[in-house]
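The structure under discussion appears below in the form of structure tokens.
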There are 2 protein chains.
Amino acid sequence: MRPVAILGIGQTKIDEQWERSIREIAAQAIRLALNDARRESADGLFVGNMMSGILDRQNILAPLVADFAGLKSIESVKIDAACGSGGAALRSGLMAVASGELESALVLGVEKMTDRHPHEVTAALATAADADYEGEMGLSFVGLNALLMRRYMHEYGWKHADFAPFAINAHANALHNPFARLHQKITVEDFEKSVMIATPINLLDASPIGDGAAALVLVPAETLRVGTRILVAGSASATDTLAIHDRPDALFLAAAYHSAQEAYRQAGVSPEEIDVFELHDAFTIMSALSLEACGFAERGRGVRLGLDGDILPTGRIPITTRGGLKARGHPVGATGVYQVVEVVQQLRGECGTTQVPEARIGMAQNIGGSGSTVVTHILKREEM
Amino acid sequence: MRPVAILGIGQTKIDEQWERSIREIAAQAIRLALNDARRESADGLFVGNMMSGILDRQNILAPLVADFAGLKSIESVKIDAACGSGGAALRSGLMAVASGELESALVLGVEKMTDRHPHEVTAALATAADADYEGEMGLSFVGLNALLMRRYMHEYGWKHADFAPFAINAHANALHNPFARLHQKITVEDFEKSVMIATPINLLDASPIGDGAAALVLVPAETLRVGTRILVAGSASATDTLAIHDRPDALFLAAAYHSAQEAYRQAGVSPEEIDVFELHDAFTIMSALSLEACGFAERGRGVRLGLDGDILPTGRIPITTRGGLKARGHPVGATGVYQVVEVVQQLRGECGTTQVPEARIGMAQNIGGSGSTVVTHILKREEM
């Protein structure tokens, strides 16, 4: 397998884009990434998307986007791993280039969610749970996460306000990201006073959906021999049961653990060496569980990292440095690609106020379902 | 890139399986393929499926299936290319093994379509067309193919009965395939008398949907050093516009042409050397257009191959030897894997009455949308 580097990145502002179709948003991100890479096209297009079949009545999204972006006749395919689709699309594009089958690949994450009634979106999001054993019971996705958060608080003795730093840090960082959905500073008081959605999850525990697209251009690393290059040093995907009740331990994200361990192994690094970590904070509870599964905290101690300031851009393990799902926004199938775009921005030193000093190794972890498909990527900046 | 071989195959009978869920059908095909390969598991699972999000309210199908099939924690992902999803899933699995990233891969195609009202299924199938420019106009998928068939008849002067051999051959071959949906011999008279669906397409021009799953086990070819092995000698995917009206020539399947040419190049063979061709006969018109795009007939002469008997198991270019989409059935996202399973059966000499004599090189072509994503695979039997 030959090493692969990320040559270009592109992203659109996450928003309610009622006046633009999914193909327009997608094509914009693709053109931005190609411009950034100074390329005209690529050999293949790998599209991460969860909901276009349901919300846009559009399957086979990949050739539609390829055509609209002017990438006539190139190989293209759509990958679904629910909210983990973006990371899974990167992994598919990576294997295509690593295998030598393609000389370059575009990876796109795209989702268009705001044209439909919120009830339709909630129902569509519930398709990321087990339809026969969770969805049929009326469990929404926020409901599932509420059960996890309640259990975590019960098991380890944390109170709701202890989760506030995850949301506060994300909102503070998003202020400096022009592509973020929310530009709104919040306090502990805001966090505690915000409306309840599914106890104990309130509005500021939860990430906002949105319309958005992000894209990457992948090339063989060997073709980049001068200046700085961003290497994909680790890439791994693992799965867990779809239904949470089938797991021996609901509070341990086994697939996050396995994919992180494999990514560390490939990259030859330990958690201590990760300079920046874009994690999947769909809900504050997910931040805690991810930090624990990836070896940054002991079991039940993930929230401690927030309370101690370790997650700030200047902290020990900076997370959600561009706003995370919480404030940058969570266009579900696109999120995994946004995360990687943001890690690349950090490694390139393009993050201004929220720049992690001397960031050289970054990690992105994208979670589909309630930890059912977890894709972890580790990127390294190399000076040639 | 290292060569990849198909070590095991599995398939379920295509039928209306109202008493079984999608995960059960999927797991059955997986177990059959693993048994055939004499393996316990694989490193990854690549699932081709189009409609589970819409018809089963189930996205993120891959970890659900992996879990139910007892493949705990392995990497898994779902690929959507509408009716071309199966072929695209094979290509994804292939790249994963060819790159060295995985040492083995399961490729699954699965679809569950018969639990819903036919109107829902028709609407779901229409998501394989351009939602904004075709679907919005009320064009169903059979409607699109009817327009193509009408144009073809007008342009080249064929009459409807000239397409009959495609359906008659498929039905005749399916009689000997226990996994086929339809076991019913038909005549030219049956073909001409069958009910009209969308003029000029009648019931016997069209393939039946169904519930079904098929699976393959892929391993590096170098690990198989004795006996017979089935090599994936060519694999290519190409795309065309999703909307037919955007094409310069509606009767030329450009993506089929490009992917076939690339597969021929990789395999180092010409169309004359293909012993058996499992093509994508969703409608009789698609058989004609595929044969032409792949170089088996001149433009406008595809139907001639049917009329001359060239497509029979003993003919010059045998097609749909196990019944094809027309009579084996068309569980859309699963079809591409069924096709490859059947080519493997031919190369292994397991096809009894419809065995193509001394078949050594076989081709499968899977089409998503109206020729929007086309994936072509060429397999070779090698004696070690």
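By convention here, the chains of the structure tokens are called A, B, ... in the order presented, each chain's residues are numbered starting at 1, and ligands are numbered starting at 1 in the order presented.
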Within 7 Å of chain A: residues of chain B, using only C-alpha atoms, as a PDB file with all heavy atoms, in the first residue's frame:
ATOM      1  N   MET B   1      -0.674  -2.830  -6.876  1.00  0.00           N
ATOM      2  CA  MET B   1      -1.935  -3.507  -6.586  1.00  0.00           C
ATOM      3  C   MET B   1      -1.797  -5.007  -6.742  1.00  0.00           C
ATOM      4  O   MET B   1      -1.349  -5.471  -7.779  1.00  0.00           O
ATOM      5  CB  MET B   1      -2.997  -3.011  -7.575  1.00  0.00           C
ATOM      6  CG  MET B   1      -4.228  -2.507  -6.890  1.00  0.00           C
ATOM      7  SD  MET B   1      -5.475  -1.908  -8.046  1.00  0.00           S
ATOM      8  CE  MET B   1      -6.370  -3.406  -8.411  1.00  0.00           C
ATOM      9  N   GLY B  53     -32.855   2.513   3.369  1.00  0.00           N
ATOM     10  CA  GLY B  53     -33.223   3.742   4.071  1.00  0.00           C
ATOM     11  C   GLY B  53     -34.674   4.112   3.848  1.00  0.00           C
ATOM     12  O   GLY B  53     -35.372   4.543   4.763  1.00  0.00           O
ATOM     13  N   ILE B  54     -35.143   3.916   2.622  1.00  0.00           N
ATOM     14  CA  ILE B  54     -36.509   4.310   2.273  1.00  0.00           C
ATOM     15  C   ILE B  54     -37.507   3.208   2.641  1.00  0.00           C
ATOM     16  O   ILE B  54     -38.493   3.456   3.327  1.00  0.00           O
ATOM     17  CB  ILE B  54     -36.603   4.631   0.766  1.00  0.00           C
ATOM     18  CG1 ILE B  54     -35.695   5.811   0.424  1.00  0.00           C
ATOM     19  CG2 ILE B  54     -38.050   4.919   0.370  1.00  0.00           C
ATOM     20  CD1 ILE B  54     -35.593   6.110  -1.064  1.00  0.00           C
ATOM     21  N   ARG B  57     -36.642   1.764   6.416  1.00  0.00           N
ATOM     22  CA  ARG B  57     -36.332   2.804   7.409  1.00  0.00           C
ATOM     23  C   ARG B  57     -35.031   2.474   8.135  1.00  0.00           C
ATOM     24  O   ARG B  57     -34.895   2.699   9.329  1.00  0.00           O
ATOM     25  CB  ARG B  57     -37.466   2.963   8.442  1.00  0.00           C
ATOM     26  CG  ARG B  57     -38.830   3.245   7.851  1.00  0.00           C
ATOM     27  CD  ARG B  57     -38.918   4.515   7.063  1.00  0.00           C
ATOM     28  NE  ARG B  57     -38.596   5.718   7.821  1.00  0.00           N
ATOM     29  CZ  ARG B  57     -38.451   6.919   7.263  1.00  0.00           C
ATOM     30  NH1 ARG B  57     -38.563   7.064   5.968  1.00  0.00           N
ATOM     31  NH2 ARG B  57     -38.174   7.968   7.990  1.00  0.00           N
ATOM     32  N   GLN B  58     -34.092   1.902   7.408  1.00  0.00           N
ATOM     33  CA  GLN B  58     -32.837   1.467   8.019  1.00  0.00           C
ATOM     34  C   GLN B  58     -31.652   1.951   7.201  1.00  0.00           C
ATOM     35  O   GLN B  58     -31.403   1.429   6.113  1.00  0.00           O
ATOM     36  CB  GLN B  58     -32.809  -0.068   8.107  1.00  0.00           C
ATOM     37  CG  GLN B  58     -31.577  -0.617   8.821  1.00  0.00           C
ATOM     38  CD  GLN B  58     -31.596  -0.276  10.304  1.00  0.00           C
ATOM     39  OE1 GLN B  58     -32.357  -0.832  11.049  1.00  0.00           O
ATOM     40  NE2 GLN B  58     -30.756   0.669  10.720  1.00  0.00           N
ATOM     41  N   ASN B  59     -30.962   2.969   7.693  1.00  0.00           N
ATOM     42  CA  ASN B  59     -29.673   3.304   7.107  1.00  0.00           C
ATOM     43  C   ASN B  59     -28.602   2.560   7.889  1.00  0.00           C
ATOM     44  O   ASN B  59     -28.921   1.703   8.701  1.00  0.00           O
ATOM     45  CB  ASN B  59     -29.435   4.820   7.137  1.00  0.00           C
ATOM     46  CG  ASN B  59     -30.048   5.503   5.912  1.00  0.00           C
ATOM     47  OD1 ASN B  59     -29.820   5.077   4.783  1.00  0.00           O
ATOM     48  ND2 ASN B  59     -30.826   6.530   6.143  1.00  0.00           N
ATOM     49  N   ILE B  60     -27.318   2.875   7.610  1.00  0.00           N
ATOM     50  CA  ILE B  60     -26.184   2.251   8.284  1.00  0.00           C
ATOM     51  C   ILE B  60     -26.401   0.736   8.391  1.00  0.00           C
ATOM     52  O   ILE B  60     -26.218   0.098   9.441  1.00  0.00           O
ATOM     53  CB  ILE B  60     -25.902   2.948   9.644  1.00  0.00           C
ATOM     54  CG1 ILE B  60     -24.528   2.550  10.193  1.00  0.00           C
ATOM     55  CG2 ILE B  60     -27.011   2.781  10.651  1.00  0.00           C
ATOM     56  CD1 ILE B  60     -24.019   3.425  11.327  1.00  0.00           C
ATOM     57  N   PRO B  63     -23.136  -2.285   9.630  1.00  0.00           N
ATOM     58  CA  PRO B  63     -22.867  -2.882  10.949  1.00  0.00           C
ATOM     59  C   PRO B  63     -24.018  -3.749  11.456  1.00  0.00           C
ATOM     60  O   PRO B  63     -23.795  -4.715  12.190  1.00  0.00           O
ATOM     61  CB  PRO B  63     -22.642  -1.666  11.859  1.00  0.00           C
ATOM     62  CG  PRO B  63     -23.242  -0.506  11.148  1.00  0.00           C
ATOM     63  CD  PRO B  63     -23.135  -0.821   9.675  1.00  0.00           C
ATOM     64  N   LEU B  64     -25.247  -3.423  11.045  1.00  0.00           N
ATOM     65  CA  LEU B  64     -26.397  -4.245  11.433  1.00  0.00           C
ATOM     66  C   LEU B  64     -26.228  -5.664  10.905  1.00  0.00           C
ATOM     67  O   LEU B  64     -26.403  -6.650  11.631  1.00  0.00           O
ATOM     68  CB  LEU B  64     -27.689  -3.630  10.865  1.00  0.00           C
ATOM     69  CG  LEU B  64     -28.976  -4.334  11.265  1.00  0.00           C
ATOM     70  CD1 LEU B  64     -29.420  -3.848  12.633  1.00  0.00           C
ATOM     71  CD2 LEU B  64     -30.086  -4.092  10.242  1.00  0.00           C
ATOM     72  N   ASP B  67     -23.121  -7.493  12.472  1.00  0.00           N
ATOM     73  CA  ASP B  67     -23.445  -7.999  13.806  1.00  0.00           C
ATOM     74  C   ASP B  67     -24.316  -9.255  13.712  1.00  0.00           C
ATOM     75  O   ASP B  67     -24.014 -10.280  14.334  1.00  0.00           O
ATOM     76  CB  ASP B  67     -24.181  -6.898  14.586  1.00  0.00           C
ATOM     77  CG  ASP B  67     -24.636  -7.359  15.967  1.00  0.00           C
ATOM     78  OD1 ASP B  67     -23.896  -8.126  16.608  1.00  0.00           O
ATOM     79  OD2 ASP B  67     -25.722  -6.940  16.403  1.00  0.00           O
ATOM     80  N   LYS B  72     -18.429  -9.837  14.389  1.00  0.00           N
ATOM     81  CA  LYS B  72     -18.331  -8.773  15.377  1.00  0.00           C
ATOM     82  C   LYS B  72     -17.154  -7.848  15.118  1.00  0.00           C
ATOM     83  O   LYS B  72     -16.039  -8.294  14.902  1.00  0.00           O
ATOM     84  CB  LYS B  72     -18.215  -9.388  16.774  1.00  0.00           C
ATOM     85  CG  LYS B  72     -18.511  -8.394  17.879  1.00  0.00           C
ATOM     86  CD  LYS B  72     -18.715  -9.106  19.212  1.00  0.00           C
ATOM     87  CE  LYS B  72     -18.473  -8.160  20.374  1.00  0.00           C
ATOM     88  NZ  LYS B  72     -19.038  -6.814  20.194  1.00  0.00           N
ATOM     89  N   SER B  73     -17.437  -6.553  15.130  1.00  0.00           N
ATOM     90  CA  SER B  73     -16.454  -5.462  15.136  1.00  0.00           C
ATOM     91  C   SER B  73     -15.660  -5.287  13.835  1.00  0.00           C
ATOM     92  O   SER B  73     -14.816  -4.406  13.753  1.00  0.00           O
ATOM     93  CB  SER B  73     -15.503  -5.581  16.325  1.00  0.00           C
ATOM     94  OG  SER B  73     -14.349  -6.308  15.994  1.00  0.00           O
ATOM     95  N   ILE B  74     -15.950  -6.096  12.790  1.00  0.00           N
ATOM     96  CA  ILE B  74     -15.179  -5.890  11.560  1.00  0.00           C
ATOM     97  C   ILE B  74     -15.597  -4.593  10.878  1.00  0.00           C
ATOM     98  O   ILE B  74     -16.701  -4.105  11.049  1.00  0.00           O
ATOM     99  CB  ILE B  74     -15.320  -7.055  10.544  1.00  0.00           C
ATOM    100  CG1 ILE B  74     -16.726  -7.124   9.935  1.00  0.00           C
ATOM    101  CG2 ILE B  74     -14.925  -8.368  11.164  1.00  0.00           C
ATOM    102  CD1 ILE B  74     -16.773  -8.024   8.710  1.00  0.00           C
ATOM    103  N   GLU B  75     -14.667  -4.063  10.097  1.00  0.00           N
ATOM    104  CA  GLU B  75     -14.965  -2.899   9.272  1.00  0.00           C
ATOM    105  C   GLU B  75     -16.123  -3.227   8.343  1.00  0.00           C
ATOM    106  O   GLU B  75     -16.176  -4.304   7.751  1.00  0.00           O
ATOM    107  CB  GLU B  75     -13.725  -2.556   8.448  1.00  0.00           C
ATOM    108  CG  GLU B  75     -14.007  -1.531   7.366  1.00  0.00           C
ATOM    109  CD  GLU B  75     -12.729  -0.908   6.815  1.00  0.00           C
ATOM    110  OE1 GLU B  75     -11.644  -1.470   7.018  1.00  0.00           O
ATOM    111  OE2 GLU B  75     -12.840   0.165   6.183  1.00  0.00           O
ATOM    112  N   SER B  76     -17.067  -2.297   8.199  1.00  0.00           N
ATOM    113  CA  SER B  76     -18.158  -2.547   7.267  1.00  0.00           C
ATOM    114  C   SER B  76     -18.719  -1.238   6.771  1.00  0.00           C
ATOM    115  O   SER B  76     -18.720  -0.239   7.488  1.00  0.00           O
ATOM    116  CB  SER B  76     -19.256  -3.371   7.935  1.00  0.00           C
ATOM    117  OG  SER B  76     -19.899  -2.627   8.944  1.00  0.00           O
ATOM    118  N   VAL B  77     -19.186  -1.237   5.538  1.00  0.00           N
ATOM    119  CA  VAL B  77     -19.691  -0.015   4.947  1.00  0.00           C
ATOM    120  C   VAL B  77     -20.723  -0.373   3.893  1.00  0.00           C
ATOM    121  O   VAL B  77     -20.695  -1.469   3.324  1.00  0.00           O
ATOM    122  CB  VAL B  77     -18.507   0.805   4.362  1.00  0.00           C
ATOM    123  CG1 VAL B  77     -18.016   0.201   3.069  1.00  0.00           C
ATOM    124  CG2 VAL B  77     -18.868   2.258   4.194  1.00  0.00           C
ATOM    125  N   LYS B  78     -21.659   0.538   3.675  1.00  0.00           N
ATOM    126  CA  LYS B  78     -22.675   0.331   2.636  1.00  0.00           C
ATOM    127  C   LYS B  78     -22.400   1.244   1.456  1.00  0.00           C
ATOM    128  O   LYS B  78     -22.077   2.416   1.640  1.00  0.00           O
ATOM    129  CB  LYS B  78     -24.071   0.607   3.191  1.00  0.00           C
ATOM    130  CG  LYS B  78     -25.134   0.771   2.105  1.00  0.00           C
ATOM    131  CD  LYS B  78     -26.520   1.026   2.643  1.00  0.00           C
ATOM    132  CE  LYS B  78     -27.370   1.772   1.611  1.00  0.00           C
ATOM    133  NZ  LYS B  78     -28.787   1.860   1.987  1.00  0.00           N
ATOM    134  N   ILE B  79     -22.551   0.696   0.265  1.00  0.00           N
ATOM    135  CA  ILE B  79     -22.301   1.457  -0.955  1.00  0.00           C
ATOM    136  C   ILE B  79     -23.599   1.586  -1.738  1.00  0.00           C
ATOM    137  O   ILE B  79     -24.304   0.599  -1.944  1.00  0.00           O
ATOM    138  CB  ILE B  79     -21.223   0.751  -1.815  1.00  0.00           C
ATOM    139  CG1 ILE B  79     -19.862   0.885  -1.134  1.00  0.00           C
ATOM    140  CG2 ILE B  79     -21.157   1.358  -3.207  1.00  0.00           C
ATOM    141  CD1 ILE B  79     -19.438  -0.288  -0.338  1.00  0.00           C
ATOM    142  N   ASP B  80     -23.919   2.796  -2.175  1.00  0.00           N
ATOM    143  CA  ASP B  80     -25.107   3.003  -3.002  1.00  0.00           C
ATOM    144  C   ASP B  80     -24.735   3.513  -4.382  1.00  0.00           C
ATOM    145  O   ASP B  80     -24.101   4.560  -4.513  1.00  0.00           O
ATOM    146  CB  ASP B  80     -26.066   4.001  -2.361  1.00  0.00           C
ATOM    147  CG  ASP B  80     -27.123   4.482  -3.352  1.00  0.00           C
ATOM    148  OD1 ASP B  80     -27.708   3.627  -4.043  1.00  0.00           O
ATOM    149  OD2 ASP B  80     -27.361   5.702  -3.439  1.00  0.00           O
ATOM    150  N   ALA B  81     -25.110   2.763  -5.376  1.00  0.00           N
ATOM    151  CA  ALA B  81     -25.059   3.227  -6.764  1.00  0.00           C
ATOM    152  C   ALA B  81     -26.351   2.752  -7.427  1.00  0.00           C
ATOM    153  O   ALA B  81     -26.340   2.251  -8.546  1.00  0.00           O
ATOM    154  CB  ALA B  81     -23.819   2.695  -7.471  1.00  0.00           C
ATOM    155  N   ALA B  82     -27.463   2.876  -6.684  1.00  0.00           N
ATOM    156  CA  ALA B  82     -28.797   2.435  -7.132  1.00  0.00           C
ATOM    157  C   ALA B  82     -28.705   0.969  -7.586  1.00  0.00           C
ATOM    158  O   ALA B  82     -28.159   0.139  -6.850  1.00  0.00           O
ATOM    159  CB  ALA B  82     -29.337   3.357  -8.208  1.00  0.00           C
ATOM    160  N   MET B  95     -10.736  -3.169  -3.945  1.00  0.00           N
ATOM    161  CA  MET B  95      -9.676  -2.202  -3.687  1.00  0.00           C
ATOM    162  C   MET B  95      -9.133  -2.356  -2.273  1.00  0.00           C
ATOM    163  O   MET B  95      -7.944  -2.149  -2.037  1.00  0.00           O
ATOM    164  CB  MET B  95     -10.168  -0.794  -3.967  1.00  0.00           C
ATOM    165  CG  MET B  95     -10.362  -0.562  -5.463  1.00  0.00           C
ATOM    166  SD  MET B  95     -10.518   1.171  -5.956  1.00  0.00           S
ATOM    167  CE  MET B  95     -12.224   1.481  -5.604  1.00  0.00           C
ATOM    168  N   ALA B  96      -9.996  -2.729  -1.346  1.00  0.00           N
ATOM    169  CA  ALA B  96      -9.542  -2.917   0.036  1.00  0.00           C
ATOM    170  C   ALA B  96      -8.541  -4.069   0.124  1.00  0.00           C
ATOM    171  O   ALA B  96      -7.541  -3.975   0.833  1.00  0.00           O
ATOM    172  CB  ALA B  96     -10.736  -3.171   0.954  1.00  0.00           C
ATOM    173  N   ALA B  98      -6.919  -5.431  -2.632  1.00  0.00           N
ATOM    174  CA  ALA B  98      -5.818  -5.153  -3.569  1.00  0.00           C
ATOM    175  C   ALA B  98      -4.800  -4.194  -2.967  1.00  0.00           C
ATOM    176  O   ALA B  98      -3.604  -4.298  -3.232  1.00  0.00           O
ATOM    177  CB  ALA B  98      -6.375  -4.573  -4.866  1.00  0.00           C
ATOM    178  N   SER B  99      -5.271  -3.269  -2.138  1.00  0.00           N
ATOM    179  CA  SER B  99      -4.366  -2.279  -1.546  1.00  0.00           C
ATOM    180  C   SER B  99      -3.496  -2.878  -0.454  1.00  0.00           C
ATOM    181  O   SER B  99      -2.522  -2.272  -0.040  1.00  0.00           O
ATOM    182  CB  SER B  99      -5.182  -1.116  -0.956  1.00  0.00           C
ATOM    183  OG  SER B  99      -5.932  -1.565   0.155  1.00  0.00           O
ATOM    184  N   GLY B 100      -3.886  -4.065   0.037  1.00  0.00           N
ATOM    185  CA  GLY B 100      -3.175  -4.648   1.162  1.00  0.00           C
ATOM    186  C   GLY B 100      -3.751  -4.219   2.494  1.00  0.00           C
ATOM    187  O   GLY B 100      -3.300  -4.655   3.554  1.00  0.00           O
ATOM    188  N   THR B 127     -36.030   7.134  -7.328  1.00  0.00           N
ATOM    189  CA  THR B 127     -34.916   7.901  -6.756  1.00  0.00           C
ATOM    190  C   THR B 127     -33.598   7.592  -7.466  1.00  0.00           C
ATOM    191  O   THR B 127     -32.586   8.227  -7.196  1.00  0.00           O
ATOM    192  CB  THR B 127     -34.733   7.642  -5.246  1.00  0.00           C
ATOM    193  OG1 THR B 127     -34.368   6.272  -5.042  1.00  0.00           O
ATOM    194  CG2 THR B 127     -36.006   7.944  -4.466  1.00  0.00           C
ATOM    195  N   ALA B 128     -33.628   6.601  -8.387  1.00  0.00           N
ATOM    196  CA  ALA B 128     -32.433   6.325  -9.197  1.00  0.00           C
ATOM    197  C   ALA B 128     -32.385   7.212 -10.433  1.00  0.00           C
ATOM    198  O   ALA B 128     -31.435   7.153 -11.205  1.00  0.00           O
ATOM    199  CB  ALA B 128     -32.390   4.852  -9.607  1.00  0.00           C
ATOM    200  N   ASP B 130     -32.931  11.390 -11.933  1.00  0.00           N
ATOM    201  CA  ASP B 130     -32.632  12.728 -11.440  1.00  0.00           C
ATOM    202  C   ASP B 130     -33.892  13.290 -10.776  1.00  0.00           C
ATOM    203  O   ASP B 130     -34.893  13.557 -11.447  1.00  0.00           O
ATOM    204  CB  ASP B 130     -32.194  13.602 -12.629  1.00  0.00           C
ATOM    205  CG  ASP B 130     -31.677  14.969 -12.188  1.00  0.00           C
ATOM    206  OD1 ASP B 130     -32.301  15.589 -11.304  1.00  0.00           O
ATOM    207  OD2 ASP B 130     -30.646  15.410 -12.724  1.00  0.00           O
ATOM    208  N   ALA B 131     -33.841  13.474  -9.466  1.00  0.00           N
ATOM    209  CA  ALA B 131     -35.045  13.855  -8.714  1.00  0.00           C
ATOM    210  C   ALA B 131     -35.601  15.203  -9.167  1.00  0.00           C
ATOM    211  O   ALA B 131     -36.813  15.386  -9.246  1.00  0.00           O
ATOM    212  CB  ALA B 131     -34.741  13.886  -7.215  1.00  0.00           C
ATOM    213  N   SER B 237     -15.224   1.118 -13.191  1.00  0.00           N
ATOM    214  CA  SER B 237     -16.492   1.810 -12.995  1.00  0.00           C
ATOM    215  C   SER B 237     -16.412   3.148 -13.706  1.00  0.00           C
ATOM    216  O   SER B 237     -15.382   3.810 -13.696  1.00  0.00           O
ATOM    217  CB  SER B 237     -16.730   2.023 -11.496  1.00  0.00           C
ATOM    218  OG  SER B 237     -17.913   2.750 -11.273  1.00  0.00           O
ATOM    219  N   ALA B 238     -17.503   3.534 -14.343  1.00  0.00           N
ATOM    220  CA  ALA B 238     -17.557   4.845 -14.996  1.00  0.00           C
ATOM    221  C   ALA B 238     -18.952   5.423 -14.803  1.00  0.00           C
ATOM    222  O   ALA B 238     -19.895   4.697 -14.497  1.00  0.00           O
ATOM    223  CB  ALA B 238     -17.226   4.731 -16.477  1.00  0.00           C
ATOM    224  N   THR B 239     -19.050   6.727 -14.960  1.00  0.00           N
ATOM    225  CA  THR B 239     -20.356   7.360 -14.772  1.00  0.00           C
ATOM    226  C   THR B 239     -20.755   8.161 -15.992  1.00  0.00           C
ATOM    227  O   THR B 239     -19.931   8.507 -16.848  1.00  0.00           O
ATOM    228  CB  THR B 239     -20.354   8.303 -13.546  1.00  0.00           C
ATOM    229  OG1 THR B 239     -19.298   9.257 -13.691  1.00  0.00           O
ATOM    230  CG2 THR B 239     -20.180   7.535 -12.271  1.00  0.00           C
ATOM    231  N   ASP B 240     -22.049   8.431 -16.057  1.00  0.00           N
ATOM    232  CA  ASP B 240     -22.615   9.298 -17.085  1.00  0.00           C
ATOM    233  C   ASP B 240     -23.577  10.240 -16.363  1.00  0.00           C
ATOM    234  O   ASP B 240     -23.783  10.111 -15.152  1.00  0.00           O
ATOM    235  CB  ASP B 240     -23.358   8.433 -18.119  1.00  0.00           C
ATOM    236  CG  ASP B 240     -23.540   9.151 -19.441  1.00  0.00           C
ATOM    237  OD1 ASP B 240     -23.322  10.380 -19.494  1.00  0.00           O
ATOM    238  OD2 ASP B 240     -23.898   8.492 -20.429  1.00  0.00           O
ATOM    239  N   THR B 241     -24.144  11.171 -17.068  1.00  0.00           N
ATOM    240  CA  THR B 241     -25.129  12.049 -16.444  1.00  0.00           C
ATOM    241  C   THR B 241     -26.249  11.198 -15.853  1.00  0.00           C
ATOM    242  O   THR B 241     -26.547  10.109 -16.347  1.00  0.00           O
ATOM    243  CB  THR B 241     -25.760  12.999 -17.471  1.00  0.00           C
ATOM    244  OG1 THR B 241     -26.540  12.237 -18.389  1.00  0.00           O
ATOM    245  CG2 THR B 241     -24.684  13.760 -18.231  1.00  0.00           C
ATOM    246  N   LEU B 242     -26.884  11.707 -14.795  1.00  0.00           N
ATOM    247  CA  LEU B 242     -27.995  10.966 -14.214  1.00  0.00           C
ATOM    248  C   LEU B 242     -29.228  11.133 -15.108  1.00  0.00           C
ATOM    249  O   LEU B 242     -29.915  10.166 -15.438  1.00  0.00           O
ATOM    250  CB  LEU B 242     -28.265  11.464 -12.792  1.00  0.00           C
ATOM    251  CG  LEU B 242     -29.065  10.528 -11.888  1.00  0.00           C
ATOM    252  CD1 LEU B 242     -28.522   9.119 -11.906  1.00  0.00           C
ATOM    253  CD2 LEU B 242     -29.081  11.058 -10.469  1.00  0.00           C
ATOM    254  N   ALA B 255     -21.077   5.223 -20.248  1.00  0.00           N
ATOM    255  CA  ALA B 255     -20.408   4.682 -19.059  1.00  0.00           C
ATOM    256  C   ALA B 255     -20.186   3.178 -19.201  1.00  0.00           C
ATOM    257  O   ALA B 255     -19.183   2.637 -18.728  1.00  0.00           O
ATOM    258  CB  ALA B 255     -21.212   4.994 -17.800  1.00  0.00           C
ATOM    259  N   SER B 372     -26.103   5.441 -15.506  1.00  0.00           N
ATOM    260  CA  SER B 372     -25.386   6.545 -14.862  1.00  0.00           C
ATOM    261  C   SER B 372     -24.128   6.086 -14.134  1.00  0.00           C
ATOM    262  O   SER B 372     -23.123   6.785 -14.115  1.00  0.00           O
ATOM    263  CB  SER B 372     -26.311   7.249 -13.876  1.00  0.00           C
ATOM    264  OG  SER B 372     -27.506   7.607 -14.527  1.00  0.00           O
ATOM    265  N   THR B 373     -24.209   4.931 -13.494  1.00  0.00           N
ATOM    266  CA  THR B 373     -23.018   4.316 -12.905  1.00  0.00           C
ATOM    267  C   THR B 373     -22.942   2.911 -13.470  1.00  0.00           C
ATOM    268  O   THR B 373     -23.875   2.127 -13.284  1.00  0.00           O
ATOM    269  CB  THR B 373     -23.121   4.220 -11.376  1.00  0.00           C
ATOM    270  OG1 THR B 373     -23.198   5.535 -10.821  1.00  0.00           O
ATOM    271  CG2 THR B 373     -21.909   3.508 -10.787  1.00  0.00           C
TER     272      THR B 373
END
For this session: Determine which residues of region 41-231 of chain A receive a DSSP assignment of alpha helix (DSSP H), computed from the backbone, and state them as a VMD selection string.
Result: chain A and resid 52 to 55 61 to 68 85 to 98 118 to 125 141 to 156 164 to 174 188 to 193
(request) Between A:Glu189, A:Ala198, A:Met113, A:Ile9, single out the one closest to Val343 (chain A), counting only C-alpha atoms. (result)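 Smallest distance to Val343 (chain A) is found for A:Ile9.
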Considering only strand (DSSP E or B) as DSSP defines it on the backbone, what residues of region 81-142 of chain A qualify? List them as a ChimeraX atom specification. /A:81,83,105-111
Margin query: Using only C-alpha atoms, which protein or nucleic acid residues come within 9 Å of Lys13 (chain B)? Drop anything in the same chain fewer than 3 positions from it, and give the result as a PyMOL selection string.
Written below: chain B and resi 178-181+211-213+328
Using only C-alpha atoms: which of B:Thr114, B:Asn35, B:Asn366, B:Thr354 has the shortest distance to Ile22 (chain B):
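Comparing B:Thr114, B:Asn35, B:Asn366, B:Thr354 against Ile22 (chain B), the winner is B:Thr114.
Using only C-alpha atoms, the nearest neighbour of Ser287 (chain B) within the list B:Asp205, B:Glu342, B:Glu358, B:Glu272 is B:Asp205.
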